[in-house]
$ cat query29.cif   # mmCIF, C-alpha atoms
data_target
#
loop_
_atom_site.label_atom_id
_atom_site.label_comp_id
_atom_site.auth_asym_id
_atom_site.auth_seq_id
_atom_site.Cartn_x
_atom_site.Cartn_y
_atom_site.Cartn_z
CA MET R 1011 16.11 -16.84 -26.81
CA THR R 1012 13.75 -19.71 -27.62
CA SER R 1013 15.05 -21.90 -24.80
CA CYS R 1014 14.49 -19.03 -22.36
CA LYS R 1015 10.85 -18.78 -23.39
CA HIS R 1016 10.45 -22.53 -22.92
CA LYS R 1017 11.99 -22.23 -19.45
CA ASN R 1018 9.53 -19.51 -18.46
CA LEU R 1019 6.59 -21.49 -19.82
CA PHE R 1020 7.79 -24.60 -17.98
CA SER R 1021 8.05 -22.56 -14.77
CA VAL R 1022 4.53 -21.22 -15.04
CA VAL R 1023 3.09 -24.65 -15.87
CA LEU R 1024 4.70 -26.09 -12.74
CA ILE R 1025 3.36 -23.17 -10.71
CA ALA R 1026 -0.09 -23.87 -12.11
CA ILE R 1027 0.10 -27.54 -11.14
CA LEU R 1028 1.13 -26.74 -7.59
CA ILE R 1029 -1.26 -23.82 -7.07
CA THR R 1030 -4.34 -25.60 -8.37
CA ALA R 1031 -3.72 -28.35 -5.85
CA ILE R 1032 -4.36 -25.91 -2.98
CA PRO R 1033 -7.91 -26.01 -1.53
CA LEU R 1034 -9.79 -22.81 -2.30
CA THR R 1035 -12.35 -23.10 0.49
CA THR R 1036 -10.17 -21.71 3.26
CA GLU R 1037 -10.52 -18.08 4.39
CA ASN R 1038 -6.98 -17.23 3.30
CA VAL R 1039 -5.41 -19.12 0.40
CA VAL R 1040 -1.82 -19.74 1.49
CA PHE R 1041 0.88 -20.24 -1.13
CA ASN R 1042 3.93 -19.91 1.07
CA LYS R 1043 4.87 -23.58 1.49
CA LYS R 1044 4.36 -24.20 -2.20
CA LEU R 1045 6.46 -21.16 -3.10
CA LYS R 1046 9.37 -22.52 -1.11
CA MET R 1047 9.14 -25.78 -3.09
CA ILE R 1048 9.37 -24.00 -6.45
CA SER R 1049 11.62 -21.10 -5.46
CA LYS R 1050 14.52 -22.37 -7.62
CA LEU R 1051 12.60 -22.08 -10.88
CA PRO R 1052 13.95 -19.36 -13.23
CA SER R 1053 11.16 -16.78 -12.96
CA LEU R 1054 11.05 -16.88 -9.16
CA GLU R 1055 14.81 -16.68 -8.87
CA LEU R 1056 14.35 -13.06 -9.90
CA ASN R 1057 12.44 -12.39 -6.68
CA ARG R 1058 14.91 -10.06 -5.08
CA ILE R 1059 15.32 -6.45 -4.02
CA HIS R 1060 17.89 -4.29 -5.82
CA ALA R 1061 19.45 -1.96 -3.27
CA TYR R 1062 21.07 1.32 -4.28
CA GLN R 1063 21.55 2.79 -0.82
CA ALA R 1064 24.39 2.09 1.55
CA ASN R 1065 22.47 0.64 4.50
CA PRO R 1066 18.88 -0.23 3.64
CA LYS R 1067 16.72 -1.45 6.50
CA LEU R 1068 16.49 -4.76 4.68
CA PRO R 1069 16.18 -7.67 4.90
CA ILE R 1070 13.76 -7.57 7.80
CA LYS R 1071 15.06 -9.60 10.73
CA ALA R 1072 12.81 -11.97 12.68
CA ASP R 1073 14.78 -11.59 15.91
CA SER R 1074 14.40 -7.82 16.16
CA ASN R 1075 12.91 -6.60 19.43
CA SER R 1076 12.16 -3.12 18.14
CA SER R 1077 8.91 -2.17 16.45
CA LEU R 1078 8.75 -2.00 12.66
CA ARG R 1079 6.71 0.61 10.78
CA ILE R 1080 6.06 0.09 7.07
CA LEU R 1081 4.03 2.30 4.76
CA HIS R 1082 2.87 0.92 1.39
CA PHE R 1083 0.91 3.22 -0.92
CA GLY R 1084 -0.04 3.25 -4.57
CA ASP R 1085 -2.91 2.71 -7.01
CA SER R 1086 -5.77 0.23 -7.42
CA HIS R 1087 -3.41 -2.71 -6.89
CA ILE R 1088 -3.04 -1.42 -3.32
CA GLN R 1089 -6.46 0.10 -2.53
CA ALA R 1090 -8.34 -3.18 -2.10
CA GLY R 1091 -5.76 -4.44 0.39
CA PHE R 1092 -5.37 -8.02 -0.87
CA LEU R 1093 -1.65 -7.68 -1.64
CA THR R 1094 -0.75 -5.60 1.40
CA GLY R 1095 -3.00 -7.63 3.68
CA GLU R 1096 -1.05 -10.76 2.78
CA VAL R 1097 2.31 -9.08 3.37
CA ARG R 1098 1.06 -7.78 6.72
CA ARG R 1099 -0.19 -11.24 7.75
CA LEU R 1100 3.03 -13.01 6.78
CA LEU R 1101 5.27 -10.39 8.37
CA ALA R 1102 3.25 -10.58 11.59
CA ASN R 1103 3.80 -14.35 11.70
CA PHE R 1104 7.47 -13.87 10.82
CA LEU R 1105 7.91 -11.38 13.67
CA ASN R 1106 5.77 -13.47 16.03
CA ASP R 1107 3.41 -10.55 16.49
CA SER R 1108 -0.16 -11.46 17.43
CA LEU R 1109 -1.04 -7.79 18.05
CA VAL R 1110 -0.28 -6.41 14.59
CA SER R 1111 -1.59 -2.89 13.97
CA MET R 1112 -3.69 -1.99 10.94
CA GLY R 1113 -2.03 1.39 10.59
CA TYR R 1114 -3.55 3.76 8.04
CA ALA R 1115 -7.24 3.49 7.15
CA PHE R 1116 -9.75 5.51 5.14
CA PRO R 1117 -13.59 5.29 4.81
CA TYR R 1118 -13.47 3.94 1.25
CA ASN R 1119 -16.78 2.11 1.74
CA ILE R 1120 -18.55 5.36 2.65
CA ALA R 1121 -17.11 6.95 -0.48
CA GLY R 1122 -18.68 4.17 -2.55
CA THR R 1123 -15.44 2.53 -3.65
CA ASN R 1124 -13.69 -0.75 -2.86
CA SER R 1125 -12.20 -1.08 0.60
CA PRO R 1126 -9.88 -3.55 2.36
CA VAL R 1127 -11.83 -6.30 4.09
CA ASP R 1128 -10.00 -5.59 7.35
CA TYR R 1129 -12.24 -2.71 8.38
CA SER R 1130 -15.46 -0.84 7.63
CA PHE R 1131 -16.77 2.63 8.46
CA SER R 1132 -20.11 4.26 9.18
CA VAL R 1133 -20.85 7.97 9.59
CA THR R 1134 -23.56 10.36 10.65
CA GLY R 1135 -24.14 13.65 8.90
CA SER R 1136 -23.67 14.63 5.29
CA TRP R 1137 -20.17 14.09 3.88
CA ALA R 1138 -18.71 14.85 0.46
CA PHE R 1139 -15.63 13.16 -0.99
CA SER R 1140 -12.89 14.48 -3.26
CA LYS R 1141 -9.91 12.69 -4.79
CA ILE R 1142 -6.60 13.61 -6.39
CA VAL R 1143 -7.36 11.69 -9.58
CA GLY R 1144 -8.84 14.12 -12.09
CA SER R 1145 -8.26 17.13 -9.85
CA ASP R 1146 -6.66 20.18 -11.48
CA THR R 1147 -5.46 21.61 -8.16
CA ASP R 1148 -4.03 20.40 -4.86
CA ILE R 1149 -6.59 19.09 -2.39
CA SER R 1150 -6.25 18.29 1.30
CA ALA R 1151 -5.84 14.56 0.71
CA GLY R 1152 -3.19 12.31 2.16
CA LEU R 1153 -2.00 8.78 1.50
CA SER R 1154 -5.38 7.50 0.30
CA GLY R 1155 -5.58 10.28 -2.27
CA MET R 1156 -9.05 11.12 -0.94
CA VAL R 1157 -10.55 13.55 1.55
CA MET R 1158 -14.00 13.72 3.15
CA GLU R 1159 -15.61 16.93 4.38
CA THR R 1160 -18.80 18.17 6.00
CA TYR R 1161 -20.37 21.48 7.01
CA ASP R 1162 -22.59 19.77 9.61
CA ASN R 1163 -22.01 20.97 13.15
CA ASN R 1164 -22.52 17.56 14.76
CA THR R 1165 -21.22 14.43 13.08
CA SER R 1166 -19.56 11.15 13.96
CA ILE R 1167 -17.27 8.57 12.41
CA SER R 1168 -17.35 4.94 13.52
CA ILE R 1169 -14.91 2.20 12.59
CA SER R 1170 -15.02 -1.56 13.04
CA THR R 1171 -12.06 -3.87 12.43
CA LYS R 1172 -12.51 -7.50 11.45
CA ASN R 1173 -11.17 -10.66 13.13
CA ALA R 1174 -12.02 -9.17 16.52
CA LYS R 1175 -12.10 -12.63 18.08
CA ARG R 1176 -8.33 -12.64 17.71
CA SER R 1177 -6.08 -9.99 19.17
CA ASP R 1178 -4.80 -8.76 15.81
CA LYS R 1179 -6.37 -5.58 14.40
CA LEU R 1180 -7.37 -4.39 17.88
CA PHE R 1181 -6.23 -0.84 18.57
CA ASP R 1182 -5.80 1.32 21.67
CA GLU R 1183 -4.73 4.48 19.88
CA VAL R 1184 -6.42 6.26 16.98
CA THR R 1185 -5.24 9.35 15.11
CA PHE R 1186 -7.60 11.36 12.94
CA PHE R 1187 -5.96 13.39 10.21
CA VAL R 1188 -8.33 16.34 10.54
CA ASN R 1189 -8.10 20.13 10.12
CA VAL R 1190 -8.58 21.07 13.77
CA GLY R 1191 -6.27 24.03 13.21
CA GLU R 1192 -8.76 25.67 10.83
CA ILE R 1193 -12.06 25.33 12.66
CA GLU R 1194 -13.26 25.18 16.23
CA VAL R 1195 -14.11 21.55 16.92
CA ASN R 1196 -14.66 19.43 20.02
CA VAL R 1197 -13.59 15.82 19.56
CA ASP R 1198 -15.37 13.38 21.87
CA CYS R 1199 -14.65 9.68 22.30
CA ALA R 1200 -16.03 7.52 25.10
CA GLY R 1201 -13.21 5.70 26.87
CA GLY R 1202 -10.53 7.83 25.25
CA THR R 1203 -8.35 10.82 26.04
CA ILE R 1204 -6.71 13.24 23.60
CA VAL R 1205 -2.95 12.84 24.07
CA ASN R 1206 -1.56 14.68 21.06
CA GLN R 1207 -2.88 17.35 18.74
CA SER R 1208 -1.64 19.69 16.03
CA LYS R 1209 -3.47 21.72 13.41
CA TYR R 1210 -3.39 18.61 11.19
CA HIS R 1211 -4.35 15.76 13.54
CA VAL R 1212 -5.84 14.57 16.82
CA THR R 1213 -4.55 11.45 18.60
CA ILE R 1214 -6.79 9.66 21.10
CA LYS R 1215 -5.50 7.13 23.61
CA LEU R 1216 -8.04 4.48 24.66
CA THR R 1217 -8.29 2.79 28.03
CA ASN R 1218 -8.48 -0.66 26.42
CA ALA R 1219 -7.71 -2.15 23.02
CA VAL R 1220 -10.94 -2.34 20.98
CA SER R 1221 -12.22 -3.44 17.59
CA GLU R 1222 -14.99 -0.83 17.37
CA LEU R 1223 -14.96 2.88 18.05
CA SER R 1224 -17.15 5.91 17.46
CA VAL R 1225 -15.85 9.47 17.62
CA SER R 1226 -18.03 12.60 17.61
CA PHE R 1227 -17.10 15.96 16.11
CA ASN R 1228 -18.96 19.00 17.39
CA CYS R 1229 -18.03 22.01 15.28
CA ASN R 1230 -18.50 25.72 15.30
CA ASN R 1231 -18.67 26.54 11.60
CA GLN R 1232 -18.97 30.31 11.91
CA ASN R 1233 -16.00 30.75 9.59
CA GLN R 1234 -17.81 28.65 6.96
CA LYS R 1235 -14.95 26.18 6.62
CA PRO R 1236 -15.75 22.46 6.46
CA LEU R 1237 -14.48 19.76 8.78
CA ARG R 1238 -12.06 17.70 6.69
CA VAL R 1239 -10.81 14.18 7.42
CA SER R 1240 -8.10 12.69 5.22
CA GLY R 1241 -7.56 9.38 7.02
CA LEU R 1242 -7.00 7.59 10.32
CA LEU R 1243 -4.15 5.74 11.96
CA LEU R 1244 -5.07 2.68 14.04
CA VAL R 1245 -2.32 1.47 16.38
CA ASN R 1246 -1.98 -1.16 19.07
CA SER R 1247 0.68 0.13 21.46
CA LEU R 1248 1.94 -3.44 22.01
CA SER R 1249 2.46 -4.17 18.30
CA LYS R 1250 5.80 -5.12 16.84
CA LEU R 1251 4.49 -4.36 13.34
CA ILE R 1252 2.52 -1.40 12.02
CA TYR R 1253 1.90 -2.00 8.30
CA SER R 1254 0.04 0.98 6.83
CA SER R 1255 -1.56 0.54 3.44
CA ALA R 1256 -3.29 3.09 1.21
CA GLY R 1257 -4.12 3.32 -2.48
CA LEU R 1258 -6.44 4.94 -4.97
CA ASN R 1259 -8.01 3.55 -8.11
CA GLY R 1260 -6.61 5.34 -11.15
CA ALA R 1261 -3.79 7.09 -9.29
CA ASP R 1262 -0.57 7.89 -11.10
CA VAL R 1263 2.58 9.55 -9.82
CA LYS R 1264 1.52 13.06 -10.83
CA SER R 1265 -1.80 12.80 -8.99
CA TYR R 1266 -0.02 12.11 -5.68
CA LEU R 1267 1.81 15.41 -6.07
CA LYS R 1268 -1.61 17.07 -5.56
CA ALA R 1269 -2.15 15.44 -2.14
CA GLY R 1270 -1.72 18.43 0.17
CA GLU R 1271 -1.56 16.40 3.40
CA PHE R 1272 0.89 13.80 2.05
CA GLU R 1273 3.96 15.08 3.89
CA ASN R 1274 2.11 15.71 7.16
CA GLN R 1275 0.87 12.13 7.24
CA LEU R 1276 4.30 10.76 6.36
CA ARG R 1277 5.80 12.73 9.22
CA LEU R 1278 3.33 11.45 11.79
CA ILE R 1279 3.42 7.80 10.67
CA ASP R 1280 7.24 7.96 10.52
CA PRO R 1281 7.79 4.61 8.74
CA HIS R 1282 11.13 2.83 8.59
CA ILE R 1283 10.31 1.51 5.10
CA VAL R 1284 8.20 3.27 2.46
CA ILE R 1285 6.99 1.09 -0.43
CA VAL R 1286 5.76 2.98 -3.51
CA SER R 1287 3.64 1.00 -5.99
CA LEU R 1288 2.82 3.39 -8.83
CA GLY R 1289 3.38 3.41 -12.58
CA THR R 1290 0.60 1.23 -13.97
CA ASN R 1291 -1.75 4.12 -14.72
CA ASP R 1292 1.13 6.26 -15.97
CA ALA R 1293 2.08 3.60 -18.51
CA TYR R 1294 -1.55 2.99 -19.47
CA HIS R 1295 -2.18 6.64 -20.35
CA PRO R 1296 -2.22 7.22 -24.15
CA LEU R 1297 -0.15 10.42 -23.73
CA PHE R 1298 2.51 8.82 -21.53
CA ASP R 1299 5.82 10.68 -21.59
CA SER R 1300 8.78 8.98 -19.94
CA ALA R 1301 10.52 12.28 -19.16
CA ASP R 1302 7.44 13.65 -17.39
CA PHE R 1303 7.02 10.40 -15.50
CA SER R 1304 10.64 10.47 -14.37
CA ASN R 1305 10.43 14.11 -13.29
CA ASN R 1306 7.23 13.56 -11.32
CA LEU R 1307 8.56 10.45 -9.62
CA ALA R 1308 11.75 12.32 -8.70
CA ILE R 1309 9.65 15.03 -7.04
CA LEU R 1310 7.66 12.42 -5.13
CA ILE R 1311 10.81 10.67 -3.92
CA ASP R 1312 12.27 14.02 -2.86
CA LYS R 1313 9.14 14.72 -0.80
CA ILE R 1314 9.48 11.37 0.95
CA GLU R 1315 13.20 11.69 1.59
CA LEU R 1316 12.90 15.27 2.82
CA VAL R 1317 10.40 14.22 5.50
CA LEU R 1318 11.99 10.82 6.18
CA PRO R 1319 15.73 11.13 5.54
CA ASN R 1320 16.52 7.87 7.35
CA ALA R 1321 13.82 5.72 5.79
CA THR R 1322 14.34 3.06 3.14
CA VAL R 1323 12.37 3.87 -0.02
CA LEU R 1324 11.39 0.77 -2.02
CA LEU R 1325 9.99 1.36 -5.51
CA THR R 1326 8.05 -1.51 -7.10
CA ILE R 1327 7.89 -2.13 -10.85
CA PRO R 1328 4.30 -2.57 -12.13
CA GLY R 1329 3.28 -6.04 -13.21
CA ASP R 1330 2.75 -7.02 -16.83
CA HIS R 1331 -0.65 -6.22 -18.34
CA LEU R 1332 -2.44 -5.85 -21.65
CA VAL R 1333 -3.93 -2.69 -23.15
CA SER R 1334 -7.65 -3.19 -23.83
CA LYS R 1335 -7.15 -6.92 -23.09
CA THR R 1336 -5.30 -7.39 -26.38
CA SER R 1337 -1.77 -5.96 -26.61
CA PRO R 1338 1.23 -5.88 -24.27
CA ASN R 1339 1.89 -2.40 -22.90
CA LEU R 1340 5.34 -1.56 -24.27
CA LYS R 1341 5.42 1.63 -22.18
CA LEU R 1342 5.97 -0.54 -19.11
CA LEU R 1343 9.58 -1.00 -20.19
CA GLN R 1344 10.04 2.79 -20.18
CA VAL R 1345 8.49 2.96 -16.71
CA LYS R 1346 10.79 0.18 -15.56
CA ASP R 1347 13.91 1.90 -16.89
CA ALA R 1348 12.87 5.24 -15.37
CA ILE R 1349 12.30 3.66 -11.95
CA PHE R 1350 15.67 1.91 -11.96
CA ASP R 1351 17.47 5.07 -13.13
CA LEU R 1352 15.87 7.13 -10.37
CA ALA R 1353 16.57 4.46 -7.76
CA ILE R 1354 20.27 4.76 -8.61
CA LYS R 1355 20.22 8.58 -8.56
CA LYS R 1356 18.11 8.85 -5.39
CA SER R 1357 19.63 5.88 -3.50
CA CYS R 1358 16.41 3.85 -3.33
CA CYS R 1359 15.61 0.15 -3.61
CA VAL R 1360 13.63 -1.62 -6.35
CA TRP R 1361 11.42 -4.72 -6.44
CA ASP R 1362 11.02 -5.73 -10.09
CA PHE R 1363 7.67 -7.51 -10.09
CA HIS R 1364 7.43 -7.20 -13.88
CA SER R 1365 10.43 -9.49 -14.35
CA ILE R 1366 9.36 -11.79 -11.52
CA MET R 1367 6.05 -12.36 -13.32
CA GLY R 1368 7.92 -13.40 -16.44
CA GLY R 1369 8.19 -10.13 -18.33
CA GLU R 1370 6.26 -9.01 -21.38
CA GLY R 1371 3.20 -11.16 -22.10
CA SER R 1372 3.36 -13.07 -18.81
CA ILE R 1373 -0.06 -11.72 -17.76
CA ARG R 1374 -1.60 -14.21 -20.22
CA LEU R 1375 0.07 -17.10 -18.42
CA TRP R 1376 -1.02 -15.77 -15.02
CA ASN R 1377 -4.53 -15.50 -16.42
CA SER R 1378 -4.46 -19.06 -17.73
CA ILE R 1379 -3.85 -20.38 -14.22
CA GLY R 1380 -6.61 -18.31 -12.65
CA LEU R 1381 -4.66 -15.49 -11.00
CA THR R 1382 -5.91 -12.39 -12.82
CA ALA R 1383 -9.07 -10.38 -13.31
CA PRO R 1384 -10.77 -10.56 -16.74
CA ASP R 1385 -9.32 -7.19 -17.74
CA TYR R 1386 -5.76 -8.59 -17.98
CA LEU R 1387 -4.71 -5.56 -15.93
CA HIS R 1388 -5.59 -6.42 -12.34
CA PHE R 1389 -5.18 -9.65 -10.40
CA ASN R 1390 -7.85 -11.50 -8.46
CA ALA R 1391 -7.59 -12.17 -4.73
CA LYS R 1392 -5.44 -15.27 -5.28
CA GLY R 1393 -3.12 -13.41 -7.62
CA TYR R 1394 -2.64 -10.55 -5.18
CA GLN R 1395 -2.05 -13.02 -2.34
CA LEU R 1396 0.65 -14.70 -4.42
CA GLN R 1397 2.19 -11.30 -5.15
CA GLY R 1398 2.10 -10.60 -1.42
CA GLU R 1399 3.89 -13.90 -0.77
CA LEU R 1400 6.62 -12.95 -3.20
CA LEU R 1401 7.07 -9.48 -1.73
CA PHE R 1402 7.23 -10.95 1.77
CA GLU R 1403 9.95 -13.37 0.65
CA ALA R 1404 11.94 -10.53 -0.93
CA LEU R 1405 11.64 -8.38 2.21
CA THR R 1406 12.84 -11.09 4.58
CA LEU R 1407 15.36 -13.33 2.81
CA ASN R 1408 19.04 -12.43 3.11
CA ASP R 1409 19.90 -13.74 -0.35
CA ALA R 1410 17.07 -11.71 -1.90
CA LEU R 1411 18.94 -8.42 -1.44
CA LEU R 1412 21.26 -7.42 -4.27
CA ASN R 1413 23.45 -4.35 -4.32
CA ASN R 1414 23.79 -2.27 -7.50
CA SER R 1415 22.90 -5.25 -9.67
CA TYR R 1416 20.67 -3.82 -12.39
CA SER R 1417 21.56 -3.65 -16.08
CA ASN R 1418 19.30 -3.10 -19.09
#

$ encode --input "query29.cif" --output "structure tokens"
Amino acid sequence: MTSCKHKNLFSVVLIAILITAIPLTTENVVFNKKLKMISKLPSLELNRIHAYQANPKLPIKADSNSSLRILHFGDSHIQAGFLTGEVRRLLANFLNDSLVSMGYAFPYNIAGTNSPVDYSFSVTGSWAFSKIVGSDTDISAGLSGMVMETYDNNTSISISTKNAKRSDKLFDEVTFFVNVGEIEVNVDCAGGTIVNQSKYHVTIKLTNAVSELSVSFNCNNQNQKPLRVSGLLLVNSLSKLIYSSAGLNGADVKSYLKAGEFENQLRLIDPHIVIVSLGTNDAYHPLFDSADFSNNLAILIDKIELVLPNATVLLTIPGDHLVSKTSPNLKLLQVKDAIFDLAIKKSCCVWDFHSIMGGEGSIRLWNSIGLTAPDYLHFNAKGYQLQGELLFEALTLNDALLNNSYSN
């Protein structure tokens, strides 16, 4: 047991030496080449995906000519977009796709909370925001766990994507997840035509791919129902990769069961791979109950598999963290066991980031090499980028896929 601890410490020290040698002045800190150099160290040898379904759509192949749709949703580790942004960037390079689509987006910045750096929103009119966290009832939220609504008759939503000088993040199709089936609303977009519509969404096809767009909503609110928007989908029709990312600070598994538009958004996005990154807030709750957690996660998986019977569902194990910056969270091991047990029962896949980090107490080592936030719960941008590197490697390497290989 002692020699194992020394091995893990030696691994992390070597990681620290290599990582600190990387210049930090570049726009995107890239660990990939360094990771390949140290990939044979014990802790990183655990970077693999455990597959419990017969034919998972993994590993991802670089020579595929068909488009790939991935949806990754979860909690605060996902909301800011550092982790998922790195996976999206690396997968786009891997697939030789210079026209990668942003996929799902939500006006987090208008709601006064942290947002991915890839896009920003502005609005006219008076909007109110609700979220699934802390809600006692279902609300009309989707993947972001939030919904915005207004009673104003004339409003607009504008979006701007970053890196517009390059062709990535440009979009020529935008879908608003909006309740057009409940109220009378005219959707107007210069340079765009409505090509698809249901009572849950409106899809607009643009003449040219753009990085900025403004859409007006002119409503007849005689029935006194608000206009509700629960997200957008930004797509470039020439993309090989659509990597949708959505998360909510404080979200646990049970809160996502209150997202009334969850299934409708899943159905429209229609991803080949669904990555679920939840469990941190469940384990952190003082009244955590492993049976309740398992039951709620089973319901969530059933919702996904009912809508997307042919998709690969990949469950990620939360990373190590401390409670109140002092003590390891022993409930994480119960979360881990529950996720693996359900993956076997529900034929899902698992990425065990907790073990890849180094297991219990490893957050201190990650902190010592400058990869975590001061709360010993979240990572900083570099830490999330490294996590994104590791997930990318697991998604794409043939020898990173193991079948029915888990044991306690």

$ residues_near_point --input "query29.cif" --point "(-14.8, 19.7, 7.0)" --cutoff "10 Å" --atoms "all atoms listed in the file" --output "PyMOL selection string"
chain R and resi 1137-1138+1157-1163+1188-1190+1192-1193+1229+1231+1234-1240

$ residues_around --input "query29.cif" --residues "Ala1348 in chain R" --least-positions-apart "6" --cutoff "9 Å" --atoms "all atoms listed in the file" --output "list in words"
Ser1300, Ala1301, Phe1303, Ser1304 and Leu1307 of chain R

$ resolve_selection --input "query29.cif" --expression "the PyMOL selection byres ((chain R and resi 1135) around 6)" --output "list of chain:residue names"
R:Thr1134, R:Ser1136, R:Thr1165

$ closest_residue --input "query29.cif" --among "R:Tyr1210, R:Trp1376, R:Phe1104, R:Phe1083" --to "Ala1256 in chain R" --atoms "only C-alpha atoms"
R:Phe1083

$ residues_around --input "query29.cif" --residues "range 1129-1133 of chain R" --least-positions-apart "6" --cutoff "7 Å" --atoms "only C-alpha atoms" --output "list in words"
Pro1117, Asn1119, Ile1120, Ser1166, Ile1167, Ser1168, Ile1169, Ser1170, Thr1171 and Lys1172 of chain R

$ write_last_selection --input "query29.cif" --atoms "C-alpha atoms" --output "compact mmCIF listing (two decimals), in the coordinates of the input"
# COMPACT_ATOMS: atom_id res chain seq x y z
CA PRO R 1117 -13.59 5.29 4.81
CA ASN R 1119 -16.78 2.11 1.74
CA ILE R 1120 -18.55 5.36 2.65
CA SER R 1166 -19.56 11.15 13.96
CA ILE R 1167 -17.27 8.57 12.41
CA SER R 1168 -17.35 4.94 13.52
CA ILE R 1169 -14.91 2.20 12.59
CA SER R 1170 -15.02 -1.56 13.04
CA THR R 1171 -12.06 -3.87 12.43
CA LYS R 1172 -12.51 -7.50 11.45

$ resolve_selection --input "query29.cif" --expression "the PyMOL selection byres ((chain R and resi 1144-1149) around 7)" --output "number ranges by chain"
R: 1141-1143, 1150-1151, 1268-1270

$ write_last_selection --input "query29.cif" --atoms "C-alpha atoms" --output "compact mmCIF listing (two decimals), in the frame of the given file"
# COMPACT_ATOMS: atom_id res chain seq x y z
CA LYS R 1141 -9.91 12.69 -4.79
CA ILE R 1142 -6.60 13.61 -6.39
CA VAL R 1143 -7.36 11.69 -9.58
CA SER R 1150 -6.25 18.29 1.30
CA ALA R 1151 -5.84 14.56 0.71
CA LYS R 1268 -1.61 17.07 -5.56
CA ALA R 1269 -2.15 15.44 -2.14
CA GLY R 1270 -1.72 18.43 0.17

$ closest_residue --input "query29.cif" --among "R:Leu1318, R:Val1205, R:Ala1115, R:Leu1343" --to "Glu1370 in chain R" --atoms "only C-alpha atoms"
R:Leu1343

$ atom_distance --input "query29.cif" --atom1 "CA of Arg1277 in chain R" --atom2 "CA of Val1317 in chain R"
6.1 Å

$ closest_residue --input "query29.cif" --among "R:Leu1324, R:Leu1056, R:Leu1258, R:Met1112" --to "Leu1244 in chain R" --atoms "all atoms listed in the file"
R:Met1112

$ residues_around --input "query29.cif" --residues "Asn1305 in chain R" --least-positions-apart "6" --cutoff "12 Å" --atoms "only C-alpha atoms" --output "compact mmCIF listing (two decimals) with C-alpha atoms, in the frame of the given file"
# COMPACT_ATOMS: atom_id res chain seq x y z
CA VAL R 1263 2.58 9.55 -9.82
CA LYS R 1264 1.52 13.06 -10.83
CA LEU R 1267 1.81 15.41 -6.07
CA ASP R 1299 5.82 10.68 -21.59
CA ILE R 1311 10.81 10.67 -3.92
CA ASP R 1312 12.27 14.02 -2.86
CA VAL R 1345 8.49 2.96 -16.71
CA ALA R 1348 12.87 5.24 -15.37
CA ILE R 1349 12.30 3.66 -11.95
CA ASP R 1351 17.47 5.07 -13.13
CA LEU R 1352 15.87 7.13 -10.37
